[in-house]
Amino acid sequence: MLRTRITLVVVAATLLAVVVSVVSSYRGVTGMVADQFDRALVDRADAVAAVLDAGRVPDERPDTAEQLLLPDGTVRPLSPGRAALPVPPGALDVARSGEGRLTAETAVGDRTFGVLVLGRGEGHGALVVSQDYAEAERMDQEFLGRISWTTAGSAAACAALSWLLIGRILRPMRRLARAAERISSTQDLGTALPAAGHDEVGRLTLAFEVMLDALRRSREAQQRLVQNASHELRTPLTSVRGSAELLQRARGRLAPEDEEKILGTLVAESVALDGLVRELVELATDRQADEDPVPLDLAAAAEDCADRFRRRTGRVITVVTVGTAGTAGTAGTAGAGPDLDGAAVVLARPRALHRCIDNLLANAVKFSPGDTPVAVLVETASPGPERGGTASPGPEPGGTGSRGRARPGVPSVRLVVRDHGPGIGPEERDAVFDRFYRGAGTQSTPGSGLGLAIVHDLVTADRGTVFAGTGPGGGAEVGFTLPRAVPAPRRG
């Protein structure tokens, strides 16, 4: 459990800090106590030597023992009734010379004595003063005992306090975990999440809220797609079923021209059904999602798509590139690598970009008279606000409506497809990008109503915008804006 692991880490860190502090303190205290005992031993030895020089007998102390060590090795205690203590090695040399001093330790049973041997002059031997270390050992043991109990108590208090505080800190996370488990078990994306604070857990809660909101929108869009798809599929399926039932009931009794008409209806509805299913799959799966955006010459891509439609339909389709100053230029060369210094180079996915241009050209060819030209205009846009830059609150007459998520201040490139058809009214400029939308007067025109919806989804996925409206000379004006591919700064 996370709470237990964090508590153990806190307690372990606290114990480590306490142990380091205790060890440092213990070493310092023991050194101070040892120095203090050594100074006391020296002071006692000097005091006893002065008393002996004065011809008196020193006072007895319970923690010390004084004795004389003669040059011949004889030990004579200065306190009557006390047993002689063993002298350390080297003490006899000091006694024979009568000069110098020697500090050592000696053990008698389970007791330890500090010994100071002090020379009393030539021929007078040495003074041996011993001090019992029992008091020092008692202080040492008492210090260790107190420190051990203090450390254990501190660790227990730290563990309890850490457990309580960490539990309080992790309480929002536990609430968030319970909410996530409830959502996982009930599939209810409307489950309320706990209130978000201003810390890391609060940011995590906000991230979960954003994720849930995206999932809710995705589920709603999926449900709308299923409902719209079932509605749109019902029409061709009903037509196919009716034609098939009519052929089944007639069983060869229909006139050849009627039978041919019914079979033609079956083929046409099957083709429409196939196209609708294909575009539904395209819209639902986004097959271009595995592509990465790369720098692409938008003018060259437009010329490539226009050339295919010229060969396929025989229509006149022109591609014109307009720079920031409004000067017209020729279209880019298809197949050539993009010049990153060129103004018409965009950052987009290749197959997605070609699919968008194909859909716009297919709409222009479909909804305009066959003897009229179709124009494709590629123009750079300034970093400031422009058509298609951000969603406008409402299109003005003769203008365009736009949708998307372009970033203000980012250089971009626009592609516009203009035709000479009926145009797009102000009330339809946003709706044409909805799935399955069919404008007034286009209900009988073949199509699924998904072409511009696919353009919208693909362009916005590449951080672009889409727009639609009526061109300056009438007819529809539909297109998109994509961010420019900014070249890397040159070195040198």
# chains A, B, ... in the order shown; residues from 1 in each chain; ligands from 1
>>> residues_around(residues="A:Val11", least_positions_apart="5", cutoff="8 Å", atoms="only C-alpha atoms", output="ChimeraX atom specification")
/A:155,158-159,162
>>> residues_around(residues="stretch 194-207 of chain A", least_positions_apart="5", cutoff="8 Å", atoms="only C-alpha atoms", output="VMD selection string")
chain A and resid 172 to 173 175 to 176 179
>>> residues_around(residues="A:Leu70", least_positions_apart="3", cutoff="6 Å", atoms="only C-alpha atoms", output="ChimeraX atom specification")
/A:73-74,125
>>> atom_distance(atom1="atom CA of A:Ala468", atom2="atom CA of A:Cys305")
19.8 Å
>>> atom_distance(atom1="atom CA of A:Val75", atom2="atom CA of A:Leu127")
9.9 Å
>>> atom_distance(atom1="atom CA of A:Asp72", atom2="atom CA of A:Ala95")
8.4 Å
>>> closest_atom_pairs(of="stretch 63-158 of chain A", to="stretch 37-43 of chain A", cutoff="12 Å", atoms="only C-alpha atoms", output="tab-separated table")
residue	atom	partner	partner_atom	distance
A:Asp63	CA	A:Leu41	CA	10.4
A:Thr64	CA	A:Leu41	CA	8.6
A:Ala65	CA	A:Leu41	CA	10.6
A:Glu66	CA	A:Leu41	CA	11.0
A:Arg101	CA	A:Val42	CA	10.2
A:Leu102	CA	A:Val42	CA	10.8
A:Thr103	CA	A:Asp38	CA	9.1
A:Ala104	CA	A:Asp38	CA	10.4
A:Glu105	CA	A:Asp38	CA	11.1
A:Phe113	CA	A:Leu41	CA	10.5
A:Gly114	CA	A:Leu41	CA	7.8
A:Val115	CA	A:Leu41	CA	7.9
A:Leu116	CA	A:Leu41	CA	7.1
A:Val117	CA	A:Val42	CA	9.8
A:Leu118	CA	A:Val42	CA	9.3
A:Leu127	CA	A:Val42	CA	11.6
A:Val128	CA	A:Leu41	CA	10.6
A:Val129	CA	A:Leu41	CA	7.4
A:Ser130	CA	A:Leu41	CA	7.6
A:Gln131	CA	A:Leu41	CA	6.6
A:Asp132	CA	A:Phe37	CA	9.7
A:Tyr133	CA	A:Phe37	CA	8.3
A:Ala134	CA	A:Phe37	CA	11.3
A:Glu135	CA	A:Phe37	CA	9.8
A:Ala136	CA	A:Phe37	CA	8.0
A:Glu137	CA	A:Phe37	CA	11.4
>>> residues_around(residues="A:Gly119", least_positions_apart="2", cutoff="6 Å", atoms="only C-alpha atoms", output="PyMOL selection string")
chain A and resi 94-95+98-100+121+126
>>> select_by_dssp(residues="stretch 85-249 of chain A", states="strand (DSSP E or B)", output="list of chain:residue names")
A:Arg101, A:Leu102, A:Thr103, A:Ala104, A:Glu105, A:Thr106, A:Ala107, A:Val108, A:Arg111, A:Thr112, A:Phe113, A:Gly114, A:Val115, A:Leu116, A:Val117, A:Leu118, A:Gly119, A:Ala126, A:Leu127, A:Val128, A:Val129, A:Ser130, A:Gln131, A:Asp132
>>> closest_residue(among="A:Ala107, A:Val378, A:Ala84, A:Ile6", to="A:Ile169", atoms="only C-alpha atoms")
A:Ile6
>>> residues_around(residues="A:Asp140", least_positions_apart="4", cutoff="12 Å", atoms="only C-alpha atoms", output="PyMOL selection string")
chain A and resi 26-34+133-136+144-147
>>> write_last_selection(atoms="N, CA and C atoms", output="short mmCIF file (atom, residue, chain, number, x, y, z; two decimals), in the first residue's frame")
data_model
loop_
_atom_site.label_atom_id
_atom_site.label_comp_id
_atom_site.auth_asym_id
_atom_site.auth_seq_id
_atom_site.Cartn_x
_atom_site.Cartn_y
_atom_site.Cartn_z
N TYR A 26 27.55 10.67 20.73
CA TYR A 26 28.15 9.71 21.66
C TYR A 26 29.68 9.78 21.61
N ARG A 27 30.20 9.86 20.40
CA ARG A 27 31.65 9.93 20.28
C ARG A 27 32.18 11.22 20.89
N GLY A 28 31.44 12.31 20.69
CA GLY A 28 31.88 13.57 21.29
C GLY A 28 31.79 13.56 22.80
N VAL A 29 30.69 13.00 23.34
CA VAL A 29 30.50 12.97 24.79
C VAL A 29 31.52 12.06 25.45
N THR A 30 31.75 10.87 24.91
CA THR A 30 32.72 9.96 25.51
C THR A 30 34.13 10.56 25.50
N GLY A 31 34.45 11.28 24.45
CA GLY A 31 35.75 11.94 24.43
C GLY A 31 35.87 13.01 25.50
N MET A 32 34.80 13.77 25.69
CA MET A 32 34.82 14.81 26.73
C MET A 32 34.92 14.19 28.12
N VAL A 33 34.17 13.12 28.35
CA VAL A 33 34.21 12.46 29.67
C VAL A 33 35.61 11.88 29.93
N ALA A 34 36.20 11.27 28.91
CA ALA A 34 37.55 10.71 29.08
C ALA A 34 38.56 11.80 29.41
N TYR A 133 37.18 3.69 37.05
CA TYR A 133 36.36 4.15 35.93
C TYR A 133 34.90 3.69 36.04
N ALA A 134 34.52 3.19 37.19
CA ALA A 134 33.14 2.70 37.34
C ALA A 134 32.12 3.81 37.09
N GLU A 135 32.44 5.02 37.58
CA GLU A 135 31.52 6.15 37.39
C GLU A 135 31.41 6.52 35.92
N ALA A 136 32.56 6.50 35.23
CA ALA A 136 32.53 6.81 33.79
C ALA A 136 31.73 5.76 33.02
N LEU A 144 23.78 5.73 26.89
CA LEU A 144 23.32 4.84 25.83
C LEU A 144 21.86 4.41 26.04
N GLY A 145 21.51 4.12 27.30
CA GLY A 145 20.14 3.72 27.58
C GLY A 145 19.15 4.81 27.27
N ARG A 146 19.47 6.03 27.72
CA ARG A 146 18.55 7.14 27.45
C ARG A 146 18.42 7.42 25.95
N ILE A 147 19.57 7.38 25.27
CA ILE A 147 19.53 7.63 23.83
C ILE A 147 18.72 6.55 23.11
#
>>> select_by_dssp(residues="stretch 144-259 of chain A", states="alpha helix (DSSP H)", output="ChimeraX atom specification")
/A:144-169,171-186,200-250,256-259
